[in-house]
Amino acid sequence: MIWQRIALRVAVCAFLGSAPAAHAGPEPRFGDDSSSWANDGECDDPRFEGAGSAGALLDDDRAHDASDCKKLFDQGRVALRGANQGRPEDSASNRSRVEHGRLQSGDDVLTSGEFADVFRFDGRSGSRAIVDLRSSDFDPYVLVRTPSGAQFDDDDYAEDAGRALVALELDETGEYQVVVTSFSEGETGNYSLSIALENDTAAARRRDRNGELDLGDETLTTGEYVDTYRFQGWPGQHLSLDVESDDFDTYLILKDPHGGQVENDDADESRGHSRIEQDLTEAGVYSVLVTSYEPGATGAYRLEIHPSGRAGGVEVPLPRGASPLTVSLRTR
């Protein structure tokens, strides 16, 4: 029975520690406050990352949100991108980390027979958590338990037998537990586990931009002028992109963090209107390219970038009277 399986797979009693936020080295040049999003309490400069960063990070705001970014930098809530590469436990406000492990003989074993490793993260109410487990050696299964004991789980995310993912909008502050295991009994092999945290309010904010394709812009290999905007996206979000122009035949491109892309030319059969609606499945920086259908076209446009705050995550309650299994962990 599925309920019996879930009941056996949950509850753990030990956690991994994480180091406090920190930054090292010379203080960066923060620039000025000329961004239209300056002094809004979030860092809109795409050079920075962390819990204090805005959800949509655009090139136009580079070095133009000095006051917000400096304050958050001093608080340890943002850091320069790549500053903590190779030391995920030091990322700003424990925003994200990646664990590489292996399920193997000698690990803790659930009563249903699966090997299990357990991790933890500190969650804050109002934030989003993305727990992403991947393996090419076994069928991964991930479970997340909230501080109050609610349970969430996933096996084949987006019908991918090598990936399990839980995306949660957190409504509790406290310690969350993550169980890395396999779908079938006795499976072993290497895995990678990503735990990413982000402020939900920042991630959901809509951005509108007035831009222009002109002779000084970058061009695609086929000769069209192009403007590029970037933002941080998360699995479970629904993204709406909309661009309109009275001056040229618009063309809109969305690139995901791994280089895959979707495109749209004429929304509603309108020559100067392009739109993309997309459910995001990867965490990372997405690129929005505004260009034209014909090479060399120029003119003004208006772009809307609207990443919703919606995230997946289906609660799986224990059956009545069931008690979760307590797993004793080996020393790490």
# chains A, B, ... in the order shown; residues from 1 in each chain; ligands from 1
$ residues_around --residues "stretch 255-264 of chain A" --least-positions-apart "5" --cutoff "6 Å" --atoms "only C-alpha atoms" --output "PyMOL selection string"
chain A and resi 274+284-287
$ residues_around --residues "A:Ala196" --least-positions-apart "2" --cutoff "9 Å" --atoms "only C-alpha atoms" --output "VMD selection string"
chain A and resid 94 to 98 128 to 132 194 198 283
$ write_last_selection --atoms "all heavy atoms" --output "tab-separated table (two decimals), in the first residue's frame"
chain	number	residue	atom	x	y	z
A	94	ASN	N	22.76	30.70	3.60
A	94	ASN	CA	22.53	29.29	3.33
A	94	ASN	C	21.55	29.13	2.17
A	94	ASN	O	20.69	28.26	2.17
A	94	ASN	CB	22.00	28.56	4.57
A	94	ASN	CG	22.07	27.06	4.43
A	94	ASN	OD1	22.92	26.53	3.74
A	94	ASN	ND2	21.16	26.38	5.10
A	95	ARG	N	21.66	30.00	1.17
A	95	ARG	CA	20.69	30.06	0.08
A	95	ARG	C	20.65	28.78	-0.71
A	95	ARG	O	19.60	28.33	-1.14
A	95	ARG	CB	21.04	31.24	-0.82
A	95	ARG	CG	20.15	31.39	-2.05
A	95	ARG	CD	20.52	32.63	-2.81
A	95	ARG	NE	19.75	32.75	-4.03
A	95	ARG	CZ	20.19	32.37	-5.21
A	95	ARG	NH1	21.38	31.81	-5.32
A	95	ARG	NH2	19.45	32.51	-6.27
A	96	SER	N	21.79	28.16	-0.93
A	96	SER	CA	21.80	26.92	-1.67
A	96	SER	C	23.06	26.14	-1.34
A	96	SER	O	24.07	26.70	-0.92
A	96	SER	CB	21.74	27.18	-3.18
A	96	SER	OG	22.89	27.87	-3.61
A	97	ARG	N	22.95	24.84	-1.51
A	97	ARG	CA	24.11	23.99	-1.37
A	97	ARG	C	23.90	22.72	-2.19
A	97	ARG	O	22.76	22.35	-2.49
A	97	ARG	CB	24.38	23.65	0.10
A	97	ARG	CG	23.48	22.62	0.74
A	97	ARG	CD	23.87	22.44	2.20
A	97	ARG	NE	23.45	21.18	2.77
A	97	ARG	CZ	22.52	21.06	3.70
A	97	ARG	NH1	21.88	22.14	4.13
A	97	ARG	NH2	22.23	19.88	4.22
A	98	VAL	N	24.99	22.08	-2.53
A	98	VAL	CA	24.93	20.83	-3.29
A	98	VAL	C	25.71	19.78	-2.52
A	98	VAL	O	26.85	20.01	-2.11
A	98	VAL	CB	25.52	21.00	-4.70
A	98	VAL	CG1	25.51	19.65	-5.44
A	98	VAL	CG2	24.73	22.03	-5.50
A	128	ARG	N	10.82	29.98	-0.35
A	128	ARG	CA	10.65	28.80	-1.18
A	128	ARG	C	11.86	27.90	-1.01
A	128	ARG	O	12.99	28.38	-0.88
A	128	ARG	CB	10.49	29.19	-2.64
A	128	ARG	CG	10.57	28.02	-3.60
A	128	ARG	CD	10.56	28.44	-5.06
A	128	ARG	NE	9.23	28.87	-5.45
A	128	ARG	CZ	8.91	30.12	-5.70
A	128	ARG	NH1	9.82	31.07	-5.58
A	128	ARG	NH2	7.71	30.45	-6.06
A	129	ALA	N	11.64	26.60	-1.02
A	129	ALA	CA	12.73	25.63	-0.99
A	129	ALA	C	12.59	24.69	-2.18
A	129	ALA	O	11.49	24.21	-2.49
A	129	ALA	CB	12.71	24.82	0.30
A	130	ILE	N	13.72	24.45	-2.86
A	130	ILE	CA	13.77	23.50	-3.96
A	130	ILE	C	14.74	22.40	-3.57
A	130	ILE	O	15.93	22.66	-3.37
A	130	ILE	CB	14.24	24.15	-5.27
A	130	ILE	CG1	13.42	25.41	-5.58
A	130	ILE	CG2	14.16	23.15	-6.42
A	130	ILE	CD1	11.97	25.17	-5.85
A	131	VAL	N	14.25	21.18	-3.44
A	131	VAL	CA	15.08	20.02	-3.09
A	131	VAL	C	15.12	19.12	-4.32
A	131	VAL	O	14.11	18.55	-4.72
A	131	VAL	CB	14.52	19.28	-1.87
A	131	VAL	CG1	15.36	18.06	-1.55
A	131	VAL	CG2	14.44	20.21	-0.66
A	132	ASP	N	16.29	19.02	-4.93
A	132	ASP	CA	16.44	18.38	-6.24
A	132	ASP	C	17.46	17.24	-6.14
A	132	ASP	O	18.65	17.48	-5.90
A	132	ASP	CB	16.90	19.42	-7.26
A	132	ASP	CG	16.72	18.97	-8.71
A	132	ASP	OD1	16.53	17.76	-8.94
A	132	ASP	OD2	16.78	19.84	-9.59
A	194	SER	N	20.65	18.90	-4.48
A	194	SER	CA	20.68	20.36	-4.41
A	194	SER	C	19.55	20.83	-3.51
A	194	SER	O	18.41	20.42	-3.67
A	194	SER	CB	20.52	20.97	-5.81
A	194	SER	OG	20.35	22.37	-5.73
A	198	GLU	N	15.01	30.46	-1.51
A	198	GLU	CA	14.85	31.78	-2.11
A	198	GLU	C	13.66	32.49	-1.48
A	198	GLU	O	12.66	31.86	-1.14
A	198	GLU	CB	14.64	31.67	-3.62
A	198	GLU	CG	14.47	32.99	-4.35
A	198	GLU	CD	15.72	33.86	-4.26
A	198	GLU	OE1	16.83	33.31	-4.18
A	198	GLU	OE2	15.58	35.09	-4.28
A	283	ALA	N	16.16	25.06	-11.63
A	283	ALA	CA	16.59	26.21	-10.85
A	283	ALA	C	17.81	26.81	-11.51
A	283	ALA	O	18.72	26.10	-11.92
A	283	ALA	CB	16.92	25.80	-9.42
$ closest_atom_pairs --of "stretch 155-268 of chain A" --to "stretch 59-78 of chain A" --cutoff "12 Å" --atoms "only C-alpha atoms" --output "JSON lines"
{"residue": "A:Leu197", "atom": "CA", "partner": "A:Arg77", "partner_atom": "CA", "distance": 11.9}
{"residue": "A:Glu198", "atom": "CA", "partner": "A:Arg77", "partner_atom": "CA", "distance": 11.0}
{"residue": "A:Asn199", "atom": "CA", "partner": "A:Arg77", "partner_atom": "CA", "distance": 11.0}
{"residue": "A:Arg207", "atom": "CA", "partner": "A:Asp60", "partner_atom": "CA", "distance": 11.9}
{"residue": "A:Asp208", "atom": "CA", "partner": "A:Asp60", "partner_atom": "CA", "distance": 11.9}
{"residue": "A:Arg209", "atom": "CA", "partner": "A:Asp60", "partner_atom": "CA", "distance": 9.5}
{"residue": "A:Asn210", "atom": "CA", "partner": "A:Asp60", "partner_atom": "CA", "distance": 10.9}
{"residue": "A:Gly211", "atom": "CA", "partner": "A:Asp60", "partner_atom": "CA", "distance": 10.1}
{"residue": "A:Asp227", "atom": "CA", "partner": "A:Asp59", "partner_atom": "CA", "distance": 9.6}
{"residue": "A:Thr228", "atom": "CA", "partner": "A:Asp59", "partner_atom": "CA", "distance": 7.6}
{"residue": "A:Tyr229", "atom": "CA", "partner": "A:Asp59", "partner_atom": "CA", "distance": 6.0}
{"residue": "A:Arg230", "atom": "CA", "partner": "A:Asp59", "partner_atom": "CA", "distance": 6.8}
{"residue": "A:Phe231", "atom": "CA", "partner": "A:Asp59", "partner_atom": "CA", "distance": 9.2}
$ closest_residue --among "A:Ser35, A:Thr181, A:Ser270, A:Ser112" --to "A:Val142" --atoms "only C-alpha atoms"
A:Thr181
$ residues_around --residues "A:Ala300" --least-positions-apart "5" --cutoff "9 Å" --atoms "only C-alpha atoms" --output "list in words"
Asn210, Gly211, Glu212, Leu213, Asp214, Glu244, Ser245, Asp246, Asp247 and Phe248 of chain A
$ write_last_selection --atoms "all heavy atoms" --output "PDB file, in the first residue's frame"
ATOM      1  N   ASN A 210      10.847  49.082 -20.671  1.00  0.00           N
ATOM      2  CA  ASN A 210      10.780  49.755 -21.965  1.00  0.00           C
ATOM      3  C   ASN A 210      12.165  49.701 -22.587  1.00  0.00           C
ATOM      4  O   ASN A 210      13.147  50.127 -21.976  1.00  0.00           O
ATOM      5  CB  ASN A 210      10.332  51.208 -21.799  1.00  0.00           C
ATOM      6  CG  ASN A 210       8.891  51.318 -21.340  1.00  0.00           C
ATOM      7  OD1 ASN A 210       8.021  50.647 -21.865  1.00  0.00           O
ATOM      8  ND2 ASN A 210       8.644  52.159 -20.343  1.00  0.00           N
ATOM      9  N   GLY A 211      12.273  49.138 -23.772  1.00  0.00           N
ATOM     10  CA  GLY A 211      13.566  48.998 -24.424  1.00  0.00           C
ATOM     11  C   GLY A 211      13.506  49.404 -25.875  1.00  0.00           C
ATOM     12  O   GLY A 211      12.462  49.841 -26.385  1.00  0.00           O
ATOM     13  N   GLU A 212      14.643  49.263 -26.539  1.00  0.00           N
ATOM     14  CA  GLU A 212      14.717  49.635 -27.956  1.00  0.00           C
ATOM     15  C   GLU A 212      15.792  48.810 -28.641  1.00  0.00           C
ATOM     16  O   GLU A 212      16.910  48.670 -28.131  1.00  0.00           O
ATOM     17  CB  GLU A 212      15.026  51.123 -28.102  1.00  0.00           C
ATOM     18  CG  GLU A 212      15.033  51.603 -29.540  1.00  0.00           C
ATOM     19  CD  GLU A 212      15.219  53.113 -29.654  1.00  0.00           C
ATOM     20  OE1 GLU A 212      15.330  53.770 -28.593  1.00  0.00           O
ATOM     21  OE2 GLU A 212      15.254  53.608 -30.797  1.00  0.00           O
ATOM     22  N   LEU A 213      15.441  48.256 -29.778  1.00  0.00           N
ATOM     23  CA  LEU A 213      16.436  47.644 -30.659  1.00  0.00           C
ATOM     24  C   LEU A 213      17.005  48.747 -31.537  1.00  0.00           C
ATOM     25  O   LEU A 213      16.255  49.472 -32.200  1.00  0.00           O
ATOM     26  CB  LEU A 213      15.800  46.553 -31.535  1.00  0.00           C
ATOM     27  CG  LEU A 213      15.251  45.309 -30.827  1.00  0.00           C
ATOM     28  CD1 LEU A 213      14.733  44.305 -31.864  1.00  0.00           C
ATOM     29  CD2 LEU A 213      16.292  44.666 -29.925  1.00  0.00           C
ATOM     30  N   ASP A 214      18.332  48.879 -31.510  1.00  0.00           N
ATOM     31  CA  ASP A 214      18.940  49.924 -32.332  1.00  0.00           C
ATOM     32  C   ASP A 214      20.283  49.457 -32.873  1.00  0.00           C
ATOM     33  O   ASP A 214      20.736  48.340 -32.593  1.00  0.00           O
ATOM     34  CB  ASP A 214      19.076  51.238 -31.565  1.00  0.00           C
ATOM     35  CG  ASP A 214      19.925  51.106 -30.298  1.00  0.00           C
ATOM     36  OD1 ASP A 214      20.893  50.318 -30.307  1.00  0.00           O
ATOM     37  OD2 ASP A 214      19.624  51.785 -29.302  1.00  0.00           O
ATOM     38  N   GLU A 244       5.663  43.723 -26.830  1.00  0.00           N
ATOM     39  CA  GLU A 244       4.887  44.385 -27.878  1.00  0.00           C
ATOM     40  C   GLU A 244       5.694  45.530 -28.480  1.00  0.00           C
ATOM     41  O   GLU A 244       6.473  46.188 -27.791  1.00  0.00           O
ATOM     42  CB  GLU A 244       3.573  44.928 -27.319  1.00  0.00           C
ATOM     43  CG  GLU A 244       2.581  43.850 -26.885  1.00  0.00           C
ATOM     44  CD  GLU A 244       1.246  44.434 -26.480  1.00  0.00           C
ATOM     45  OE1 GLU A 244       0.373  44.615 -27.355  1.00  0.00           O
ATOM     46  OE2 GLU A 244       1.084  44.724 -25.282  1.00  0.00           O
ATOM     47  N   SER A 245       5.476  45.760 -29.765  1.00  0.00           N
ATOM     48  CA  SER A 245       6.128  46.883 -30.448  1.00  0.00           C
ATOM     49  C   SER A 245       5.256  47.362 -31.601  1.00  0.00           C
ATOM     50  O   SER A 245       4.637  46.551 -32.306  1.00  0.00           O
ATOM     51  CB  SER A 245       7.499  46.474 -30.986  1.00  0.00           C
ATOM     52  OG  SER A 245       8.088  47.540 -31.716  1.00  0.00           O
ATOM     53  N   ASP A 246       5.213  48.681 -31.785  1.00  0.00           N
ATOM     54  CA  ASP A 246       4.548  49.270 -32.945  1.00  0.00           C
ATOM     55  C   ASP A 246       5.518  49.479 -34.090  1.00  0.00           C
ATOM     56  O   ASP A 246       5.105  49.880 -35.190  1.00  0.00           O
ATOM     57  CB  ASP A 246       3.919  50.620 -32.564  1.00  0.00           C
ATOM     58  CG  ASP A 246       2.807  50.476 -31.542  1.00  0.00           C
ATOM     59  OD1 ASP A 246       2.108  49.441 -31.575  1.00  0.00           O
ATOM     60  OD2 ASP A 246       2.655  51.391 -30.701  1.00  0.00           O
ATOM     61  N   ASP A 247       6.827  49.191 -33.830  1.00  0.00           N
ATOM     62  CA  ASP A 247       7.850  49.541 -34.809  1.00  0.00           C
ATOM     63  C   ASP A 247       8.393  48.356 -35.604  1.00  0.00           C
ATOM     64  O   ASP A 247       8.948  48.552 -36.690  1.00  0.00           O
ATOM     65  CB  ASP A 247       9.026  50.226 -34.109  1.00  0.00           C
ATOM     66  CG  ASP A 247       8.620  51.525 -33.433  1.00  0.00           C
ATOM     67  OD1 ASP A 247       7.655  52.154 -33.903  1.00  0.00           O
ATOM     68  OD2 ASP A 247       9.262  51.902 -32.440  1.00  0.00           O
ATOM     69  N   PHE A 248       8.300  47.149 -35.071  1.00  0.00           N
ATOM     70  CA  PHE A 248       8.875  46.000 -35.783  1.00  0.00           C
ATOM     71  C   PHE A 248       8.131  44.715 -35.418  1.00  0.00           C
ATOM     72  O   PHE A 248       7.345  44.682 -34.460  1.00  0.00           O
ATOM     73  CB  PHE A 248      10.369  45.857 -35.470  1.00  0.00           C
ATOM     74  CG  PHE A 248      10.687  45.622 -34.016  1.00  0.00           C
ATOM     75  CD1 PHE A 248      10.796  44.336 -33.499  1.00  0.00           C
ATOM     76  CD2 PHE A 248      10.899  46.696 -33.143  1.00  0.00           C
ATOM     77  CE1 PHE A 248      11.083  44.118 -32.166  1.00  0.00           C
ATOM     78  CE2 PHE A 248      11.197  46.486 -31.799  1.00  0.00           C
ATOM     79  CZ  PHE A 248      11.286  45.194 -31.311  1.00  0.00           C
TER      80      PHE A 248
END
$ select_by_dssp --residues "stretch 69-308 of chain A" --states "strand (DSSP E or B)" --output "ChimeraX atom specification"
/A:79-80,96-103,108-109,115-123,127-134,140-145,151-154,163-169,174-182,189-199,207-213,218-219,225-233,238-244,250-255,261-264,273-279,284-292,299-307
$ select_by_dssp --residues "stretch 81-329 of chain A" --states "alpha helix (DSSP H)" --output "ChimeraX atom specification"
/A:200-203
$ write_last_selection --atoms "all heavy atoms" --output "mmCIF file, in the first residue's frame"
data_model
loop_
_atom_site.group_PDB
_atom_site.id
_atom_site.type_symbol
_atom_site.label_atom_id
_atom_site.label_comp_id
_atom_site.auth_asym_id
_atom_site.auth_seq_id
_atom_site.Cartn_x
_atom_site.Cartn_y
_atom_site.Cartn_z
ATOM 1 N N ASP A 200 10.377 34.144 -1.464
ATOM 2 C CA ASP A 200 9.269 33.976 -2.402
ATOM 3 C C ASP A 200 8.764 35.295 -2.949
ATOM 4 O O ASP A 200 8.418 35.402 -4.116
ATOM 5 C CB ASP A 200 8.125 33.228 -1.725
ATOM 6 C CG ASP A 200 7.000 32.888 -2.686
ATOM 7 O OD1 ASP A 200 7.283 32.314 -3.753
ATOM 8 O OD2 ASP A 200 5.854 33.212 -2.378
ATOM 9 N N THR A 201 8.726 36.332 -2.094
ATOM 10 C CA THR A 201 8.224 37.625 -2.550
ATOM 11 C C THR A 201 9.084 38.177 -3.668
ATOM 12 O O THR A 201 8.584 38.693 -4.675
ATOM 13 C CB THR A 201 8.198 38.633 -1.379
ATOM 14 O OG1 THR A 201 7.362 38.107 -0.345
ATOM 15 C CG2 THR A 201 7.671 39.970 -1.833
ATOM 16 N N ALA A 202 10.401 38.062 -3.526
ATOM 17 C CA ALA A 202 11.293 38.559 -4.576
ATOM 18 C C ALA A 202 11.125 37.779 -5.851
ATOM 19 O O ALA A 202 11.118 38.327 -6.948
ATOM 20 C CB ALA A 202 12.746 38.469 -4.095
ATOM 21 N N ALA A 203 10.983 36.450 -5.737
ATOM 22 C CA ALA A 203 10.905 35.613 -6.927
ATOM 23 C C ALA A 203 9.637 35.871 -7.724
ATOM 24 O O ALA A 203 9.588 35.638 -8.921
ATOM 25 C CB ALA A 203 10.989 34.149 -6.528
#
$ atom_distance --atom1 "atom CA of A:Leu252" --atom2 "atom CA of A:Leu215"
18.7 Å
$ closest_residue --among "A:Glu175, A:Glu282, A:Asp40, A:Asp156" --to "A:Arg120" --atoms "only C-alpha atoms"
A:Glu175
$ closest_residue --among "A:Gly174, A:Gly149, A:Gly189, A:Gly272" --to "A:Phe115" --atoms "only C-alpha atoms"
A:Gly189
